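For reference, the structure is listed below as structure tokens.
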Amino acid sequence: MTGSATNATKGQVVGEVRRVNGPIVEASGMIRASMLEVVEVGDLRLIGEIIRVTDDRATIQVYENTSGLKPGAPVFGTGRPLSVRLGPGLLRNIYDGIQRPLERIAEHSGAFLGRGEKPSPLDNEARWPFEPAVAVGDALSAGQIFARVQETISVEHRLNVPPGINGTVVEIADAGEYCNEDTVCRLQTDTDGVVSLTMCHEWPVRRPRPNAGRITMEMPLVTGLRVVDTFFPITQGGTAAIPGGFGTGKTMTQHALAKWSAAQIIVYIGCGERGNEMTEVLREFPELIDPRSGRSLMERTILIANTSNMPVAAREVSIYTGIAIAEYYRDMGYDVAVMADSTSRWAEALRELSGRLEEMPADEGFPAYLPSRLASFYERAGKVETLNGDTGSVSVIGAVSPPGGDFSEPVTQHTSRFIRCFWALDRDLANARHYPAISWTNSYSEYLPDITAWWQSQDHEWTTFRERLMEILQEEVTYQRIAKLVGPDALPDHQRLILLLADLIKNSFLQQNSFDDIDMYCAPAKQVWMLRTLVSFSDRCLQLIKRGATLADIREMECLTTIIRMKSTVPNDDAQAMTATTNAIGKELDELERRFA
């Protein structure tokens, strides 16, 4: 992909530096440069992007440390917008915000990222097993698959014709091993003559990839977290935010979603997080085992690491790099999940850059265009029909870190306008070691009407069960307020029973142990069974209270412990254990009912 600058200007000096203000550089003599063109600044050729043009002056946002850069330094043109390189080799890789491969840089530069380093994002020497999917004479249009490459054991890489290219195959390579830069297909087009296709191409990060149209999102993105799947579900192609103060578990929740969600490709963006947190991610992810394939989770994962001590400008562009890569795999027909941790740090980068540009600040110093930038990110999610007639999706889950846990601050408020799923983390739950600390009173999901039919295909009473448990949890909030005023002993038995049942729901269903081999993931079938068990137990206990049983009688039941432990004692696929547990609980309730018949 090229910008509006001519090929003659690529790599040539197009201007010189006049002023340096941190990552913001002003240059003169830029008459041949264009808006959003990538340029290289100074003798080290630091990567930058033109973000403002006035006459022959341009304002450049530099994505590297500008220390030592002086007025008079040359500015080199490239003639293209900021782009990602897409092709086999993306998976298992770790990039910075502008898609520089950190592992390959570390091999020859050590632990510190050198300025001006620009290795290819893809290993151009690696050879990939190429399998053609078309023959000479076939007519191809943009988006159609012309070959397949087994990128990892878990993922097949489907090479498609880049957008904007249509033609007839005049040459296709035989099956074999090729490098990314090798020409593997030639198309005869009506406008550009013969076009050569390699196994990789570039795409501007700020431009959404085209598709044939959006599709209704009716399939839930099953995450294995009960509080998410049952109470606040997200669809494949949906958007969600995880707001929470420091220490409430945003990163841990995203790690669980990355491991267990029903997405075939994971793009994890560490945007402005602390270095030790990203180090933990980089160490843990290669060791995590994909539950579907039994192999390393990295075989279907791409990491973008941009820590808080890296140049702030690169933090701003990192989420666009991640979403552009996600759209590429979506166009292959995959369901992709993007984890952005955290969009608050990204917004802080916008605020710093805006301040250096001397723009008029809005709420809390953030730029006035913060909402539109957030919208441009989240609106690239969705389930679509690809140009080749397949279906794919990009689900976006963004963590938000409001200072002091204040959900009224601008980033959280603007984010809630563009997402349909809000998983609010509660500090009291986190302090009580309740994982995940998602508040059932402050969270919501607007996807319930979309995915209800799917859950009802698992059990036609799913909606009834879910609403019944939510009703108990909502009643508990009211009774807890009363209990704080008059004491719990002053409440009648049926209200105290609601408090007991709510605690039972929290401990047995909402709380989940990510270190337990069974409880770390809860399959939909087990979730429905647990719902049925809890609703049946709650309704029968309320009937017992009406018949004259006391709260003490119910507290003495041994099946209370059975219900609390069923999340970690009953495996996901063990129908016999589920039946045995249900029968044991029912038998004890039957005995108590006979006493008060």
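Chain lettering (A, B, ...) mirrors the order of the structure tokens, residue numbering begins at 1 for each chain separately, and ligand numbering begins at 1 in order of display.
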
Need the shell around region 566-577 of chain A: protein/DNA/RNA residues with any atom at most 6 Å away, counting only C-alpha atoms. Skip same-chain ones fewer than 3 positions apart. Format as a ChimeraX atom specification? /A:518-519,523,526,562-563,580

So which residues touch Gly272 (chain A) within 6 Å, counting only C-alpha atoms, skipping near sequence neighbours fewer than 3 positions away, as a ChimeraX atom specification? /A:306-308,345

The selected residues should be written to file as a short mmCIF file (atom, residue, chain, number, x, y, z; two decimals), in the first residue's frame (atoms: N, CA, C and O atoms).
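Okay, part30.cif is ready:
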```
data_model
loop_
_atom_site.label_atom_id
_atom_site.label_comp_id
_atom_site.auth_asym_id
_atom_site.auth_seq_id
_atom_site.Cartn_x
_atom_site.Cartn_y
_atom_site.Cartn_z
N ASN A 306 3.91 -3.02 24.67
CA ASN A 306 4.32 -1.62 24.66
C ASN A 306 4.20 -1.10 26.08
O ASN A 306 3.14 -0.64 26.50
N THR A 307 5.26 -1.24 26.84
CA THR A 307 5.21 -0.93 28.26
C THR A 307 5.22 0.58 28.51
O THR A 307 5.47 1.38 27.61
N SER A 308 4.99 0.95 29.76
CA SER A 308 4.83 2.36 30.12
C SER A 308 6.12 3.16 29.95
O SER A 308 6.07 4.38 29.87
N ARG A 345 -4.33 3.68 29.51
CA ARG A 345 -2.95 4.08 29.24
C ARG A 345 -2.84 4.63 27.81
O ARG A 345 -2.05 5.55 27.54
#
```

If we count only C-alpha atoms and set the cut-off at 6 Å, which residues sit around Gly398 (chain A), ignoring sequence neighbours fewer than 3 positions away in its own chain? Please answer as a PyMOL selection string. chain A and resi 241+339-340

Keeping only N, CA and C atoms, take the residues you just selected and write them out as a compact mmCIF listing (two decimals), in the first residue's frame.
```
# COMPACT_ATOMS: atom_id res chain seq x y z
N ALA A 241 -15.90 -4.02 28.00
CA ALA A 241 -14.92 -3.27 28.78
C ALA A 241 -14.83 -3.87 30.17
N MET A 339 -7.47 -8.52 23.09
CA MET A 339 -7.41 -8.08 24.48
C MET A 339 -6.55 -6.83 24.55
N ALA A 340 -7.12 -5.71 24.90
CA ALA A 340 -6.38 -4.45 25.00
C ALA A 340 -6.24 -4.06 26.47
```

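CA of Thr216 (chain A) is positioned 7.2 Å from CA of Lys383 (chain A).
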
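Residue nearest Asn180 (chain A) within the list A:Cys271, A:Ile564, A:Leu86, A:Leu225: A:Leu86 [criterion: smallest interatomic distance, only C-alpha atoms].
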
So that I can check the surroundings of Gly270 (chain A), please list as a PDB file with N, CA and C atoms, in the first residue's frame every protein, DNA and RNA residue that reaches within 10 Å of it, counting only C-alpha atoms and ignoring chain neighbours fewer than 6 positions away.
```
ATOM      1  N   ASP A  96       6.494  -4.824  19.218  1.00  0.00           N
ATOM      2  CA  ASP A  96       6.219  -3.584  19.932  1.00  0.00           C
ATOM      3  C   ASP A  96       5.074  -2.868  19.219  1.00  0.00           C
ATOM      4  N   GLY A  97       4.792  -1.633  19.591  1.00  0.00           N
ATOM      5  CA  GLY A  97       3.615  -0.947  19.069  1.00  0.00           C
ATOM      6  C   GLY A  97       3.635  -0.680  17.585  1.00  0.00           C
ATOM      7  N   THR A 251      -6.026  -7.628  34.567  1.00  0.00           N
ATOM      8  CA  THR A 251      -5.087  -8.406  33.759  1.00  0.00           C
ATOM      9  C   THR A 251      -5.325  -9.899  33.915  1.00  0.00           C
ATOM     10  N   GLU A 277       4.439  -6.493  34.663  1.00  0.00           N
ATOM     11  CA  GLU A 277       3.215  -7.179  34.236  1.00  0.00           C
ATOM     12  C   GLU A 277       3.400  -7.783  32.852  1.00  0.00           C
ATOM     13  N   MET A 278       3.981  -7.027  31.934  1.00  0.00           N
ATOM     14  CA  MET A 278       4.203  -7.554  30.593  1.00  0.00           C
ATOM     15  C   MET A 278       5.223  -8.689  30.615  1.00  0.00           C
ATOM     16  N   VAL A 281       3.369 -11.726  31.425  1.00  0.00           N
ATOM     17  CA  VAL A 281       2.624 -12.210  30.258  1.00  0.00           C
ATOM     18  C   VAL A 281       3.554 -12.937  29.298  1.00  0.00           C
ATOM     19  N   LEU A 303       1.404 -11.378  20.514  1.00  0.00           N
ATOM     20  CA  LEU A 303       1.550 -10.424  21.615  1.00  0.00           C
ATOM     21  C   LEU A 303       2.119  -9.116  21.097  1.00  0.00           C
ATOM     22  N   ILE A 304       1.519  -8.017  21.529  1.00  0.00           N
ATOM     23  CA  ILE A 304       2.048  -6.680  21.231  1.00  0.00           C
ATOM     24  C   ILE A 304       2.374  -6.030  22.565  1.00  0.00           C
ATOM     25  N   ALA A 305       3.657  -5.851  22.814  1.00  0.00           N
ATOM     26  CA  ALA A 305       4.108  -5.348  24.110  1.00  0.00           C
ATOM     27  C   ALA A 305       4.587  -3.912  23.972  1.00  0.00           C
ATOM     28  N   ASN A 306       3.907  -3.020  24.667  1.00  0.00           N
ATOM     29  CA  ASN A 306       4.318  -1.617  24.660  1.00  0.00           C
ATOM     30  C   ASN A 306       4.199  -1.104  26.080  1.00  0.00           C
ATOM     31  N   THR A 307       5.264  -1.239  26.836  1.00  0.00           N
ATOM     32  CA  THR A 307       5.214  -0.928  28.263  1.00  0.00           C
ATOM     33  C   THR A 307       5.225   0.576  28.515  1.00  0.00           C
ATOM     34  N   SER A 308       4.992   0.948  29.763  1.00  0.00           N
ATOM     35  CA  SER A 308       4.829   2.359  30.123  1.00  0.00           C
ATOM     36  C   SER A 308       6.118   3.156  29.954  1.00  0.00           C
ATOM     37  N   ARG A 315       2.746   3.854  21.961  1.00  0.00           N
ATOM     38  CA  ARG A 315       1.607   3.339  22.727  1.00  0.00           C
ATOM     39  C   ARG A 315       0.295   3.722  22.058  1.00  0.00           C
ATOM     40  N   SER A 318      -0.348   1.376  19.081  1.00  0.00           N
ATOM     41  CA  SER A 318      -0.296  -0.074  19.296  1.00  0.00           C
ATOM     42  C   SER A 318      -1.655  -0.748  19.139  1.00  0.00           C
ATOM     43  N   ILE A 319      -2.728  -0.090  19.574  1.00  0.00           N
ATOM     44  CA  ILE A 319      -4.032  -0.756  19.475  1.00  0.00           C
ATOM     45  C   ILE A 319      -4.489  -0.844  18.020  1.00  0.00           C
ATOM     46  N   GLY A 322      -2.722  -3.858  16.591  1.00  0.00           N
ATOM     47  CA  GLY A 322      -3.372  -5.090  17.014  1.00  0.00           C
ATOM     48  C   GLY A 322      -4.663  -5.366  16.279  1.00  0.00           C
ATOM     49  N   MET A 339      -7.474  -8.516  23.088  1.00  0.00           N
ATOM     50  CA  MET A 339      -7.410  -8.085  24.482  1.00  0.00           C
ATOM     51  C   MET A 339      -6.546  -6.832  24.552  1.00  0.00           C
ATOM     52  N   ALA A 340      -7.124  -5.711  24.902  1.00  0.00           N
ATOM     53  CA  ALA A 340      -6.384  -4.450  24.996  1.00  0.00           C
ATOM     54  C   ALA A 340      -6.243  -4.061  26.466  1.00  0.00           C
ATOM     55  N   ASP A 341      -5.020  -4.075  26.955  1.00  0.00           N
ATOM     56  CA  ASP A 341      -4.764  -3.825  28.379  1.00  0.00           C
ATOM     57  C   ASP A 341      -3.665  -2.760  28.495  1.00  0.00           C
ATOM     58  N   SER A 342      -4.005  -1.517  28.730  1.00  0.00           N
ATOM     59  CA  SER A 342      -5.351  -1.029  28.972  1.00  0.00           C
ATOM     60  C   SER A 342      -5.575   0.221  28.110  1.00  0.00           C
ATOM     61  N   THR A 343      -6.823   0.453  27.777  1.00  0.00           N
ATOM     62  CA  THR A 343      -7.156   1.603  26.945  1.00  0.00           C
ATOM     63  C   THR A 343      -6.992   2.921  27.710  1.00  0.00           C
ATOM     64  N   ARG A 345      -4.330   3.678  29.511  1.00  0.00           N
ATOM     65  CA  ARG A 345      -2.947   4.081  29.235  1.00  0.00           C
ATOM     66  C   ARG A 345      -2.837   4.633  27.811  1.00  0.00           C
ATOM     67  N   TRP A 346      -3.599   4.056  26.907  1.00  0.00           N
ATOM     68  CA  TRP A 346      -3.627   4.566  25.534  1.00  0.00           C
ATOM     69  C   TRP A 346      -4.191   5.982  25.507  1.00  0.00           C
TER      70      TRP A 346
END
```
